[in-house]
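**Student:** I have a structure I would like to understand better, so I am pasting it below and will then ask my questions one at a time.
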Amino acid sequence: MRLLVGCLLSAFLSCFFSASHAQLATAVLEGKITTDNGSPADASTVVLLRSRDSSIVSSVVADDKGIFRFAGLQAESYLLLISKAGYQKMYAGPYLTKTGQTFIAPAIKLKQLVQNLNEVSVVSTRPDIEAQPGKLIINVQNSLQAQGNSAFDILRLSPGVRVDNSNISIIGHQNALVTIDGKPTNLTGEDLITVLQGMQANTIDRIELITAGSAKYDASSGGVINIVLKNGKNTGFNASVTGVAGYGKYYKSNAGLVFNDRTDKYNIFGNYGYTDNKTFHDFTSDRVINFDNAISDYDVDYNSVQKSQVNTFGIGTDFYLSAKQTIGFFVNGSVADNNYVKNNNLKIYNQSALDSIITANSNVNRHLTRVNYNLNYTGKLDSAGKIITADFDYTTNNRSSAEYISNNFYNGYGTRVKDSLLQNLSPSNIQIWLSKVDFTDPLSKTSKLEAGIKYSNVTSNNDLIFGPLVNGVYTSDPAFSNHFVYTENVNAAYVNFKNKQNKFNIDIGLRAEQTIAKGNSLTLNHIVNDNYINLFPHLLLTYTESDKSEFSLSYSRGITRPKYDQLNPFLYYIDLYDYTSGNPYLKPEYSNLVELSYTYNKTIVTTLYAHIVDNFDEFNFNEQNDTSKVNITTQVNFGRAYNYGIKFFAPAVFTAWWNADFDVDAAYQRYVAYPANGNLNKGTQDIVFHSTQHFDLGNNYIAEISGYYESPSFYGIAQLKAYYQVDARIGKQLFNKRGSIKLEATDLFNTYKDRSYINYENLNILGTDKKESQVVRLTFTYRFGKTSVKTTVHQTGNEEEQGRANSTN
């Protein structure tokens, strides 16, 4: 019912805006653009501006004859801003339009751009979303929905991205590798979410969703989500500040600063953000056990309240040693303090009669720090364009976590029979040393050779101290307490060749990775070694039929190594009958991905894909002992996952004041279990639809309505119900477009939650999972200095390693 109301509200607003503008906007402005040799300037970008204040009204792309047209305009005076790659940007007008008439602009001729690339940089206006073969780019700074939001919120609203509790994916449900400026976060689960929620939009330039990366990238089987931070290159000082205040069930707030100061000798850049949030997380689990002619029911009702204070920071500098050499240093990271108040209520029924109640109430204080140090060098070896780059990184992730649990036991009549107090300490430290060298050789005007090597060394040191309070002193229970050290060395090398022949482009490469891993449980005196070498081929073929029409075919093989916490053989206590555990024998996943895409006008993309994963382990697997009734949630290499589908992304312009983005992913998924894990062989459909409607209300006001829907589907061993939500926002530019203010409401009807059912082997579990999503936020942003800030990216080498680190929750 709430979804229906949301749809009706969206339709009403669309009709209202349409009717309002239809009464006022009846003029038409059109014209033709040619180049200086008289040929049509097709694919030119034409921006319509109001003469009185230069505010942007709309934009279009000229067709193959160089013709453009703006319809449904208010009768007033307009300017045109025309741009095309390789030509000088120019203004035309003013042109005075009249109601009911079509104004045909005089012929517009573009002049070819002649420039010295060593002295001149061209700044262009980028679309909100750019489509490239194997990659979708979200230009965050152009997006209203991004203002004041966190990186996590932006990903949740981005086309092609799925956020399922703590999992983020762009290929099926398989976890993507999340990197920041090419450096993996080394975090997963709740710890990754905490960092992304603390990273504010004003620090981000763009987000790259990469499904078909070259052999130069780490061979991630789930694709790569690369968050590119701002790093201004305009001469002089530039900065922006942002403040956000919000409220849902609890308060939300954040503030941030981004700056850069550049001269001809150096560039200093940085950012700082502070987030202070309070939120909730509720879930229920109804587990039915049918064993030995008796039915038991274990019902869990869990709720928690989390207070989170996150500081994110980054500071760096580039020194221009000469026109051909640059050396840079960059430090970024985050510091988070989290407090959780947890209440877990377990009711046990035997033959439908209440047998007992166990409550577990706890308070958790958790401190997380992540710091990455990067030293980089770029050198141009000759005038032909040979380049060598080198990076050295050191990353450290530290976590301290202290939980104190109070257990109360009641009989079926509600009488308390006993109590117990437990301590759960789980500190961890992850250190990563990494170095890499990349070489690029433009063999000719149409071909390029890339090669490189990479070395990484990881040490993950984890401790678990768990036990009851005895005679006023907390003790260590040897059945739970453990000390686990995991070390991993990955050596990699790649070669990649790119060539263009007429309308064809080929990008082919091969990456080799050697992994030497050792898991050592010091408490149990148990060692697991795992050494292997893998080859990962990559192929991307592109055929450019015209400036607006492009076909591509890609193939890539990838690997997803287990997250460090998933290998820890720790048994984490939830309540007397529920635990979570790592698996030191977990093997990597291997995937093969084929994509066939068609791109029109660099914006409309249709993709057919096939994705097959071996050793699939991307979901929680339950191991239940029917005799003891104990359930352990862990990860196993469950089997093989097949994912076949079609994706479609398209922007649409309906009027000068209304445009929209549409994103659809329709897939068929099948999961086949290995014999050791049961007899599952099941397939199902999965349809995801996402759309954002953009409205230009005039006078620098902009509004948006966005919606998300995913159909019922089957994932791993769980049947999932549909989930959906509707968001809305309105914003206005202030202070000569240097400032902006935005009011946003997310999940208007509070419908977003997970609902699942498992009926597999001896498992019968019904569950719901709800995190706070209905929030109203007010955002203010102001920019100092130059308003057209270009960006560069410091790609360092530890992409995969940071993405796998996690401090277990």
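Chain labels A, B, ... are given in the sequence in which chains occur in the structure tokens; within each chain residues are numbered consecutively from 1, and ligands are likewise numbered from 1 in the order shown.
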Taking the DSSP assignment computed from this structure's backbone, write out as a PyMOL selection string all residues of stretch 455-546 of chain A that belong to strand (DSSP E).

**Tutor:** chain A and resi 455-470+473-474+482-501+504-521+526-544

**Student:** If you count only C-alpha atoms, which residues fall within 6 Å of stretch 615-629 of chain A, apart from same-chain ones fewer than 4 positions away, as a PyMOL selection string?

**Tutor:** chain A and resi 589+633-640

**Student:** Nearest to A:Gly509: which of A:Phe68, A:Tyr266, A:Tyr404, A:Tyr217 is it, counting only C-alpha atoms?

**Tutor:**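 Of the candidates, the smallest distance to A:Gly509 is held by A:Tyr217.
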
**Student:** So that I can see what lies close to A:Ser220, please list as a PDB file with C-alpha atoms, in the first residue's frame the residues with an atom at most 8 Å from it, counting only C-alpha atoms and leaving out residues fewer than 5 positions away in the same chain.

**Tutor:**
```
ATOM      1  CA  ALA A 176      32.970  -5.830  -5.315  1.00  0.00           C
ATOM      2  CA  LEU A 177      36.468  -4.703  -4.438  1.00  0.00           C
ATOM      3  CA  GLY A 558      38.980 -13.065 -11.729  1.00  0.00           C
ATOM      4  CA  ILE A 559      39.663 -14.143  -8.185  1.00  0.00           C
ATOM      5  CA  THR A 560      38.191 -13.171  -4.815  1.00  0.00           C
ATOM      6  CA  GLU A 800      42.959  -5.786  -3.335  1.00  0.00           C
TER       7      GLU A 800
END
```

**Student:** Excluding A:Trp658 and its own-chain neighbours fewer than 3 positions away, which residues fall within 6 Å of it when counting only C-alpha atoms? Please give them as JSON, numbers by chain.

**Tutor:** {"A": [654, 655, 694, 695]}

**Student:** Which polymer residues have any atom within 9 Å of an atom of A:Leu136, counting only C-alpha atoms, with same-chain residues fewer than 6 positions away left out, as a count of residues only?

**Tutor:** 9

**Student:** Using only C-alpha atoms, pick whichever of A:Tyr474, A:Tyr644, A:Tyr272, A:Tyr543 has the shortest atom-to-atom distance to A:Tyr598.

**Tutor:**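 Using only C-alpha atoms, the shortest distance to A:Tyr598 belongs to A:Tyr543.
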
**Student:** Select from stretch 395-475 of chain A every residue with an atom at most 10 Å from any atom of stretch 322-335 of chain A, then for each give the shortest pair of atoms and their distance in Å to one decimal, using only C-alpha atoms, rows by chain and rising number, as a tab-separated table.

**Tutor:**
```
residue	atom	partner	partner_atom	distance
A:Thr395	CA	A:Gly333	CA	9.2
A:Thr396	CA	A:Gly333	CA	9.4
A:Asn397	CA	A:Gly333	CA	9.4
A:Asn398	CA	A:Val335	CA	9.6
```

**Student:** Can you write just those residues out, N, CA, C and O atoms, as a short mmCIF file (atom, residue, chain, number, x, y, z; two decimals), in the first residue's frame?

**Tutor:**
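Written out: again.cif:
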```cif
data_model
loop_
_atom_site.label_atom_id
_atom_site.label_comp_id
_atom_site.auth_asym_id
_atom_site.auth_seq_id
_atom_site.Cartn_x
_atom_site.Cartn_y
_atom_site.Cartn_z
N THR A 395 50.08 0.45 4.89
CA THR A 395 48.73 0.62 5.41
C THR A 395 48.59 -0.13 6.72
O THR A 395 49.07 -1.26 6.85
N THR A 396 47.94 0.52 7.67
CA THR A 396 47.68 -0.15 8.95
C THR A 396 46.22 0.02 9.32
O THR A 396 45.65 1.11 9.15
N ASN A 397 45.61 -1.07 9.75
CA ASN A 397 44.25 -1.07 10.28
C ASN A 397 44.29 -1.61 11.70
O ASN A 397 44.79 -2.72 11.94
N ASN A 398 43.79 -0.83 12.64
CA ASN A 398 43.76 -1.26 14.04
C ASN A 398 42.34 -1.22 14.57
O ASN A 398 41.58 -0.31 14.25
#
```

**Student:** One decimal, Å: what's the distance from atom CA of A:Thr34 over to atom CA of A:Gly66, could you say?

**Tutor:**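 Taking atom CA of A:Thr34 as the start and atom CA of A:Gly66 as the end point, the length is 6.4 Å.
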